[in-house]
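Remarks on the structure that follows.
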Amino acid sequence: MNSVDSVLDAAPVADWRSYPIHVALVGVQTANDHVAVTWSDARVSPFHHQWLRDNCSCSQCVYSVTREQLFEIVDVPPELHPQRTRIDEQGQLLIDWQDGHHSRFHPGWLRAHAYDDASRAERLAQRPQSRLWGAEMSAQLAQFDYPAVMTDDHTLLQWLLAVRDIGLTQLRAVPTTEDVLPALAKRLSFIRESNFGVLFDVQSKANADSNAYTSFNLPLHTDLPTRELQPGLQFLHCLVNDATGGESVFVDGFAIAEALRQEAPELFRTLCETPVEFRNRSRTSDYHCLAPIIALDAYGMVSEIRMGNFLRSAFDVPVEQMAALYSAYRRFIAMTREPRFRVQRRLDAGQLWCFDNRRALHARTEFDPASGARHFKGCYIDRDELLSRIRVLQR
């Protein structure tokens with residue numbers, strides 16, 4: 001293979017994102033099992049030979065149409081090492097491998113994926129952070145106008161970022177026709193169907209298959225805790241609300257969990273480590289899920305709350321753990337009733353809630369169905385779809 005072929009072979013197939021060059025590559029050294037590069041800010045990042053070969057993005061290793069990997073690391077020997085390394089005139093890292101393969105690494109991409117301690121800490125600090133909230137959110141509610149969300153991508157992005165980071169938003173000036181909600185949801189992504197339908201109607205029903213479809217006080221909960229994956233986002237669109245009562249109540253489950261972690265760490269640990277069964281039975285369906293009330297992500301941060309007392313089965317833990325579980329469970333529910341955490345607002349016709357169902361617990365005060373009509377339209381979208389839409393809009 002001549003030098004021109006080598007350069008073409010090594011030309012990377014870009015993924016869908018861009019990687020600005022904030023710092024330049026200024027040096028490269030090869031060691032026994034890794035290549036160490038030096039950056040213009042004096043940081044040194046080691047990259048193991050296998051990691052570099054595994055992440056080659058040339059057209060032989062990545063299919064240019066799907067931009068997905070074709071190469072598998074097991075197809076080269078583990079002792080594979082570079083024959084030559086250098087930085088080219090564009091500031092990219094070039095590697096000639098001992099088996100004749102050639103790789104080229106864009107410095108922006110390489111810095112964004114460096115795994116030395118400083119680089120990993122830098123990425124961790126740049127991760128989106130949840131903004132915890134309490135009762136003050138009643139006066140600071142993130143509100144957006146429906147017409148702008150539907151026509152302007154910048155407003156759409158700002159709304160979705162608020163849903164991601166705060167977990168509770170409201171849209172105003174929403175038309176009160178039943179075709180509006182699916183159109184709004186599809187502005188984000190596709191709707192998640194459940195046994196309650198693609199869209200569901202929240203109104204008092206004589207033959208209800210959920211307490212949500214009654215006029216009772218509905219305690220704080222997440223929807224469908226009986227599913228392996230609870231719905232990520234919930235939309236509730238008010239078509240009419242002339243009844244007395246029926247105010248919406250929200251608490252930030254993440255804020256309560258973090259407060260519990262600080263105030264009673266043993267109780268917090270119990271709710272993170274003890275599986276609880278939730279079940280939802282009707283004439284035509286029977287759902288069960290066994291999972292902890294508080295879930296943590298890979299970084300130890302609270303990532304999900306699973307709660308619905310009216311959907312909870314009897315606790316089933318060893319005898320010596322039962323008292324501790326009840327102590328933790330009682331404390332969590334008691335905290336959801338504390339004024340410092342609660343937001344209570346009436347949703348009027350032409351308004352819409354959109355909230356993170358795996359974070360914001362929601363409730364409804366009792367209402368009098370004889371005092372007037374009350375009709376909300378609802379649907380779900382998974383959290384992954386929210387995050388994907390944000391990334392695409394940010395490109």
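If you're wondering about the labels, chains in the structure tokens are A, B, ... by order shown, residues count from 1 in each chain, ligands from 1 in order shown.
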Determine, for each residue of segment 86-200 of chain A having at least one atom at most 12 Å from an atom of segment 56-76 of chain A, the closest pair of atoms and their separation in Å to one decimal, counting only C-alpha atoms; order by chain and ascending number, as JSON lines.
```
{"residue": "A:Leu93", "atom": "CA", "partner": "A:Cys56", "partner_atom": "CA", "distance": 11.2}
{"residue": "A:Leu94", "atom": "CA", "partner": "A:Cys56", "partner_atom": "CA", "distance": 10.5}
{"residue": "A:Ile95", "atom": "CA", "partner": "A:Cys56", "partner_atom": "CA", "distance": 9.7}
{"residue": "A:Asp96", "atom": "CA", "partner": "A:Cys56", "partner_atom": "CA", "distance": 11.4}
{"residue": "A:Trp97", "atom": "CA", "partner": "A:Val76", "partner_atom": "CA", "distance": 10.8}
{"residue": "A:Gln98", "atom": "CA", "partner": "A:Val76", "partner_atom": "CA", "distance": 10.7}
{"residue": "A:Asp99", "atom": "CA", "partner": "A:Val76", "partner_atom": "CA", "distance": 8.8}
{"residue": "A:Gly100", "atom": "CA", "partner": "A:Val76", "partner_atom": "CA", "distance": 11.7}
{"residue": "A:His101", "atom": "CA", "partner": "A:Gln60", "partner_atom": "CA", "distance": 9.5}
{"residue": "A:His102", "atom": "CA", "partner": "A:Cys58", "partner_atom": "CA", "distance": 8.2}
{"residue": "A:Ser103", "atom": "CA", "partner": "A:Cys56", "partner_atom": "CA", "distance": 5.6}
{"residue": "A:Arg104", "atom": "CA", "partner": "A:Cys56", "partner_atom": "CA", "distance": 7.1}
{"residue": "A:Phe105", "atom": "CA", "partner": "A:Cys56", "partner_atom": "CA", "distance": 7.5}
{"residue": "A:His106", "atom": "CA", "partner": "A:Ser57", "partner_atom": "CA", "distance": 10.0}
{"residue": "A:Trp109", "atom": "CA", "partner": "A:Ser57", "partner_atom": "CA", "distance": 10.9}
{"residue": "A:Leu110", "atom": "CA", "partner": "A:Cys56", "partner_atom": "CA", "distance": 11.0}
```
Same residues, all heavy atoms, saved as a compact mmCIF listing (two decimals), in the first residue's frame:
```
# COMPACT_ATOMS: atom_id res chain seq x y z
N LEU A 93 -3.62 12.52 15.34
CA LEU A 93 -2.73 11.43 15.71
C LEU A 93 -2.83 10.34 14.65
O LEU A 93 -3.92 9.81 14.39
CB LEU A 93 -3.11 10.87 17.09
CG LEU A 93 -2.34 9.61 17.54
CD1 LEU A 93 -0.85 9.91 17.73
CD2 LEU A 93 -2.96 9.04 18.81
N LEU A 94 -1.72 9.98 14.05
CA LEU A 94 -1.66 8.91 13.06
C LEU A 94 -0.91 7.72 13.64
O LEU A 94 0.13 7.89 14.28
CB LEU A 94 -0.96 9.37 11.78
CG LEU A 94 -1.85 9.97 10.67
CD1 LEU A 94 -2.63 11.16 11.18
CD2 LEU A 94 -1.02 10.32 9.45
N ILE A 95 -1.46 6.52 13.41
CA ILE A 95 -0.82 5.30 13.89
C ILE A 95 -0.74 4.30 12.75
O ILE A 95 -1.75 3.99 12.09
CB ILE A 95 -1.61 4.67 15.07
CG1 ILE A 95 -1.64 5.64 16.26
CG2 ILE A 95 -1.00 3.34 15.46
CD1 ILE A 95 -2.39 5.10 17.46
N ASP A 96 0.47 3.79 12.49
CA ASP A 96 0.69 2.67 11.58
C ASP A 96 0.88 1.43 12.44
O ASP A 96 1.83 1.37 13.24
CB ASP A 96 1.93 2.90 10.70
CG ASP A 96 1.82 4.16 9.85
OD1 ASP A 96 0.69 4.54 9.50
OD2 ASP A 96 2.88 4.75 9.57
N TRP A 97 -0.03 0.47 12.31
CA TRP A 97 0.04 -0.73 13.13
C TRP A 97 0.96 -1.77 12.51
O TRP A 97 1.19 -1.77 11.30
CB TRP A 97 -1.36 -1.32 13.32
CG TRP A 97 -2.30 -0.38 14.03
CD1 TRP A 97 -3.21 0.47 13.46
CD2 TRP A 97 -2.39 -0.17 15.44
NE1 TRP A 97 -3.88 1.19 14.42
CE2 TRP A 97 -3.40 0.81 15.65
CE3 TRP A 97 -1.74 -0.72 16.55
CZ2 TRP A 97 -3.76 1.26 16.92
CZ3 TRP A 97 -2.10 -0.28 17.80
CH2 TRP A 97 -3.10 0.69 17.99
N GLN A 98 1.44 -2.68 13.33
CA GLN A 98 2.41 -3.67 12.88
C GLN A 98 1.83 -4.63 11.84
O GLN A 98 2.57 -5.25 11.07
CB GLN A 98 2.94 -4.49 14.07
CG GLN A 98 1.87 -5.32 14.74
CD GLN A 98 2.39 -6.09 15.94
OE1 GLN A 98 1.83 -5.98 17.00
NE2 GLN A 98 3.45 -6.85 15.78
N ASP A 99 0.47 -4.73 11.79
CA ASP A 99 -0.16 -5.62 10.81
C ASP A 99 -0.49 -4.90 9.51
O ASP A 99 -1.16 -5.45 8.63
CB ASP A 99 -1.41 -6.26 11.39
CG ASP A 99 -2.51 -5.25 11.74
OD1 ASP A 99 -2.25 -4.03 11.63
OD2 ASP A 99 -3.61 -5.67 12.14
N GLY A 100 -0.06 -3.62 9.40
CA GLY A 100 -0.29 -2.88 8.17
C GLY A 100 -1.51 -1.99 8.18
O GLY A 100 -1.74 -1.24 7.22
N HIS A 101 -2.31 -2.04 9.24
CA HIS A 101 -3.49 -1.17 9.33
C HIS A 101 -3.06 0.24 9.73
O HIS A 101 -2.03 0.43 10.37
CB HIS A 101 -4.49 -1.73 10.35
CG HIS A 101 -5.85 -1.11 10.25
ND1 HIS A 101 -6.76 -1.45 9.28
CD2 HIS A 101 -6.44 -0.13 10.99
CE1 HIS A 101 -7.85 -0.73 9.43
NE2 HIS A 101 -7.68 0.08 10.46
N HIS A 102 -3.89 1.23 9.34
CA HIS A 102 -3.58 2.62 9.63
C HIS A 102 -4.80 3.27 10.30
O HIS A 102 -5.93 3.09 9.87
CB HIS A 102 -3.23 3.39 8.35
CG HIS A 102 -2.11 2.76 7.58
ND1 HIS A 102 -0.78 2.99 7.87
CD2 HIS A 102 -2.14 1.90 6.54
CE1 HIS A 102 -0.03 2.30 7.04
NE2 HIS A 102 -0.82 1.63 6.21
N SER A 103 -4.56 4.03 11.36
CA SER A 103 -5.63 4.72 12.08
C SER A 103 -5.29 6.20 12.21
O SER A 103 -4.12 6.58 12.33
CB SER A 103 -5.81 4.13 13.49
OG SER A 103 -6.16 2.77 13.43
N ARG A 104 -6.33 7.02 12.18
CA ARG A 104 -6.16 8.45 12.37
C ARG A 104 -7.19 8.92 13.40
O ARG A 104 -8.36 8.56 13.33
CB ARG A 104 -6.37 9.20 11.06
CG ARG A 104 -6.33 10.72 11.21
CD ARG A 104 -6.62 11.42 9.90
NE ARG A 104 -5.52 11.22 8.95
CZ ARG A 104 -5.55 11.60 7.68
NH1 ARG A 104 -6.65 12.16 7.20
NH2 ARG A 104 -4.51 11.41 6.89
N PHE A 105 -6.74 9.74 14.36
CA PHE A 105 -7.62 10.19 15.44
C PHE A 105 -7.66 11.72 15.48
O PHE A 105 -6.62 12.37 15.62
CB PHE A 105 -7.13 9.65 16.79
CG PHE A 105 -7.20 8.15 16.88
CD1 PHE A 105 -6.09 7.37 16.56
CD2 PHE A 105 -8.36 7.50 17.27
CE1 PHE A 105 -6.14 5.99 16.61
CE2 PHE A 105 -8.43 6.13 17.34
CZ PHE A 105 -7.32 5.36 17.01
N HIS A 106 -8.86 12.26 15.36
CA HIS A 106 -9.08 13.70 15.43
C HIS A 106 -8.81 14.16 16.86
O HIS A 106 -9.28 13.53 17.82
CB HIS A 106 -10.53 13.99 15.04
CG HIS A 106 -10.89 15.43 15.01
ND1 HIS A 106 -11.30 16.12 16.13
CD2 HIS A 106 -10.89 16.33 13.99
CE1 HIS A 106 -11.55 17.37 15.80
NE2 HIS A 106 -11.32 17.53 14.51
N TRP A 109 -11.94 14.67 19.08
CA TRP A 109 -12.55 13.39 19.49
C TRP A 109 -11.69 12.72 20.55
O TRP A 109 -12.21 12.21 21.56
CB TRP A 109 -12.70 12.48 18.28
CG TRP A 109 -13.37 11.18 18.60
CD1 TRP A 109 -14.70 10.90 18.51
CD2 TRP A 109 -12.75 9.98 19.12
NE1 TRP A 109 -14.95 9.62 18.93
CE2 TRP A 109 -13.77 9.03 19.31
CE3 TRP A 109 -11.44 9.63 19.44
CZ2 TRP A 109 -13.53 7.75 19.79
CZ3 TRP A 109 -11.19 8.35 19.93
CH2 TRP A 109 -12.22 7.42 20.10
N LEU A 110 -10.38 12.72 20.34
CA LEU A 110 -9.48 12.03 21.27
C LEU A 110 -9.54 12.66 22.66
O LEU A 110 -9.60 11.96 23.68
CB LEU A 110 -8.05 12.08 20.71
CG LEU A 110 -7.08 11.00 21.17
CD1 LEU A 110 -7.58 9.61 20.81
CD2 LEU A 110 -5.70 11.23 20.56
```
Extract the full set of strand (DSSP E or B) residues from segment 24-127 of chain A according to DSSP on the backbone, and format it as a compact mmCIF listing (two decimals) with N, CA, C and O atoms, in the first residue's frame.
```txt
# COMPACT_ATOMS: atom_id res chain seq x y z
N LEU A 25 -2.81 18.63 20.14
CA LEU A 25 -1.81 17.60 20.40
C LEU A 25 -0.43 18.18 20.10
O LEU A 25 -0.21 18.75 19.02
N VAL A 26 0.49 18.03 21.06
CA VAL A 26 1.82 18.58 20.83
C VAL A 26 2.92 17.52 20.95
O VAL A 26 4.08 17.80 20.62
N GLY A 27 2.60 16.33 21.41
CA GLY A 27 3.62 15.30 21.54
C GLY A 27 3.02 13.93 21.67
O GLY A 27 1.88 13.77 22.11
N VAL A 28 3.77 12.90 21.26
CA VAL A 28 3.30 11.52 21.37
C VAL A 28 4.49 10.61 21.65
O VAL A 28 5.56 10.76 21.06
N GLN A 29 4.31 9.69 22.59
CA GLN A 29 5.34 8.71 22.93
C GLN A 29 4.70 7.34 23.04
O GLN A 29 3.59 7.19 23.55
N THR A 30 5.43 6.31 22.58
CA THR A 30 4.93 4.95 22.63
C THR A 30 5.59 4.20 23.78
O THR A 30 6.83 4.20 23.91
N HIS A 34 0.84 1.15 25.73
CA HIS A 34 0.01 2.32 25.46
C HIS A 34 0.80 3.40 24.72
O HIS A 34 2.02 3.34 24.64
N VAL A 35 0.04 4.35 24.21
CA VAL A 35 0.59 5.55 23.60
C VAL A 35 0.23 6.72 24.52
O VAL A 35 -0.94 6.87 24.90
N ALA A 36 1.19 7.54 24.89
CA ALA A 36 0.94 8.71 25.74
C ALA A 36 1.03 9.95 24.89
O ALA A 36 2.06 10.20 24.25
N VAL A 37 -0.06 10.73 24.87
CA VAL A 37 -0.05 11.97 24.11
C VAL A 37 0.01 13.14 25.08
O VAL A 37 -0.53 13.08 26.19
N THR A 38 0.68 14.19 24.66
CA THR A 38 0.77 15.42 25.45
C THR A 38 -0.03 16.51 24.76
O THR A 38 0.07 16.67 23.53
N TRP A 39 -0.81 17.24 25.55
CA TRP A 39 -1.67 18.28 25.02
C TRP A 39 -1.03 19.66 25.26
O TRP A 39 -0.12 19.79 26.07
N VAL A 44 -1.22 15.02 30.09
CA VAL A 44 -0.75 13.82 29.40
C VAL A 44 -1.83 12.75 29.51
O VAL A 44 -2.31 12.45 30.61
N SER A 45 -2.23 12.20 28.36
CA SER A 45 -3.30 11.19 28.32
C SER A 45 -2.76 9.90 27.73
O SER A 45 -2.37 9.87 26.55
N PRO A 46 -2.75 8.83 28.51
CA PRO A 46 -2.35 7.53 27.96
C PRO A 46 -3.53 6.84 27.29
O PRO A 46 -4.66 6.92 27.78
N PHE A 47 -3.27 6.19 26.16
CA PHE A 47 -4.28 5.41 25.46
C PHE A 47 -3.70 4.03 25.18
O PHE A 47 -2.68 3.91 24.48
N HIS A 48 -4.31 3.01 25.70
CA HIS A 48 -3.81 1.65 25.49
C HIS A 48 -3.92 1.27 24.00
O HIS A 48 -4.84 1.70 23.31
N CYS A 58 -11.76 4.29 10.66
CA CYS A 58 -11.56 4.32 9.22
C CYS A 58 -12.69 3.56 8.54
O CYS A 58 -13.50 2.88 9.17
N VAL A 62 -15.49 1.13 10.30
CA VAL A 62 -16.81 1.72 10.55
C VAL A 62 -17.53 1.86 9.22
O VAL A 62 -16.96 2.36 8.24
N TYR A 63 -18.80 1.43 9.17
CA TYR A 63 -19.60 1.56 7.95
C TYR A 63 -20.09 2.99 7.83
O TYR A 63 -20.76 3.52 8.73
N GLU A 68 -21.72 2.85 12.23
CA GLU A 68 -21.57 1.85 13.28
C GLU A 68 -20.36 0.96 12.99
O GLU A 68 -19.98 0.76 11.84
N GLN A 69 -19.81 0.41 14.05
CA GLN A 69 -18.55 -0.32 13.95
C GLN A 69 -18.72 -1.67 13.25
O GLN A 69 -19.69 -2.39 13.47
N PRO A 82 1.73 -0.38 17.86
CA PRO A 82 2.03 0.52 16.73
C PRO A 82 3.45 0.29 16.22
O PRO A 82 4.39 0.04 16.98
N GLN A 83 3.59 0.41 14.92
CA GLN A 83 4.91 0.39 14.31
C GLN A 83 5.46 1.81 14.22
O GLN A 83 6.66 2.03 14.31
N ARG A 84 4.52 2.77 14.10
CA ARG A 84 4.92 4.17 13.99
C ARG A 84 3.77 5.05 14.49
O ARG A 84 2.61 4.77 14.20
N THR A 85 4.09 6.10 15.22
CA THR A 85 3.09 7.08 15.65
C THR A 85 3.62 8.49 15.33
O THR A 85 4.82 8.74 15.41
N ARG A 86 2.69 9.40 15.01
CA ARG A 86 3.10 10.77 14.70
C ARG A 86 1.87 11.67 14.70
O ARG A 86 0.74 11.20 14.67
N ILE A 87 2.13 12.97 14.74
CA ILE A 87 1.07 13.97 14.63
C ILE A 87 1.22 14.63 13.26
O ILE A 87 2.30 15.12 12.91
N LEU A 93 -3.62 12.52 15.34
CA LEU A 93 -2.73 11.43 15.71
C LEU A 93 -2.83 10.34 14.65
O LEU A 93 -3.92 9.81 14.39
N LEU A 94 -1.72 9.98 14.05
CA LEU A 94 -1.66 8.91 13.06
C LEU A 94 -0.91 7.72 13.64
O LEU A 94 0.13 7.89 14.28
N ILE A 95 -1.46 6.52 13.41
CA ILE A 95 -0.82 5.30 13.89
C ILE A 95 -0.74 4.30 12.75
O ILE A 95 -1.75 3.99 12.09
N ASP A 96 0.47 3.79 12.49
CA ASP A 96 0.69 2.67 11.58
C ASP A 96 0.88 1.43 12.44
O ASP A 96 1.83 1.37 13.24
N TRP A 97 -0.03 0.47 12.31
CA TRP A 97 0.04 -0.73 13.13
C TRP A 97 0.96 -1.77 12.51
O TRP A 97 1.19 -1.77 11.30
N HIS A 102 -3.89 1.23 9.34
CA HIS A 102 -3.58 2.62 9.63
C HIS A 102 -4.80 3.27 10.30
O HIS A 102 -5.93 3.09 9.87
N SER A 103 -4.56 4.03 11.36
CA SER A 103 -5.63 4.72 12.08
C SER A 103 -5.29 6.20 12.21
O SER A 103 -4.12 6.58 12.33
N ARG A 104 -6.33 7.02 12.18
CA ARG A 104 -6.16 8.45 12.37
C ARG A 104 -7.19 8.92 13.40
O ARG A 104 -8.36 8.56 13.33
N PHE A 105 -6.74 9.74 14.36
CA PHE A 105 -7.62 10.19 15.44
C PHE A 105 -7.66 11.72 15.48
O PHE A 105 -6.62 12.37 15.62
```
Exercise for the section: Identify which of the residues A:Asp348, A:Glu338, A:Asp145, A:Glu266 lies closest to Leu239 of chain A, counting only C-alpha atoms when measuring atom-to-atom distances. Expected result: A:Asp348
Handout entry: Interatomic distance (Å, one decimal) between atom CA of Pro225 of chain A and atom CA of Trp133 of chain A
Key =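 Between atom CA of Pro225 of chain A and atom CA of Trp133 of chain A the gap works out to 22.4 Å.
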Handout entry: Residue neighbourhood Ala349 of chain A, 10 Å, only C-alpha atoms, exclusion window fewer than 4 positions, as a PyMOL selection string
Key = chain A and resi 172-176+237-242+374-376
Problem - Shortest interatomic distance to Val180 of chain A - which of A:Gln351, A:Thr336, A:Asn55, A:Asn217, counting only C-alpha atoms - result: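 Smallest separation from Val180 of chain A among the options: A:Gln351.
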Practice task
Tell me, in Å to one decimal, how far atom CA of Asp201 of chain A is from atom CA of Glu304 of chain A.
Solution key: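 Straight-line distance from atom CA of Asp201 of chain A to atom CA of Glu304 of chain A works out to 25.5 Å.
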Problem - Polymer residues at most 9 Å from segment 226-230 of chain A, only C-alpha atoms, same-chain spacing of 3 or more positions, as a ChimeraX atom specification - result: /A:222-223,277-280,287-291,306,308,311-312,357-358,382
Problem - Expected answer as a PyMOL selection string: alpha helix (DSSP H) residues in segment 161-283 of chain A - result: chain A and resi 161-165+180-188+253-263+265-273
Problem - Two-atom distance - atom CA of Asp33 of chain A, atom CA of His81 of chain A (Å) - result: 7.4 Å
Problem - Shell around Arg337 of chain A at 10 Å using only C-alpha atoms, local window under 6 positions removed, as a list in words - result: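 Listed by chain and then number, they are Pro219, Leu220 and Val251 of chain A.
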Exercise for the section: Measuring atom to atom with only C-alpha atoms, identify which of A:Ala323, A:Phe355, A:Cys379, A:His154 is nearest to Val198 of chain A. Expected result: A:Cys379
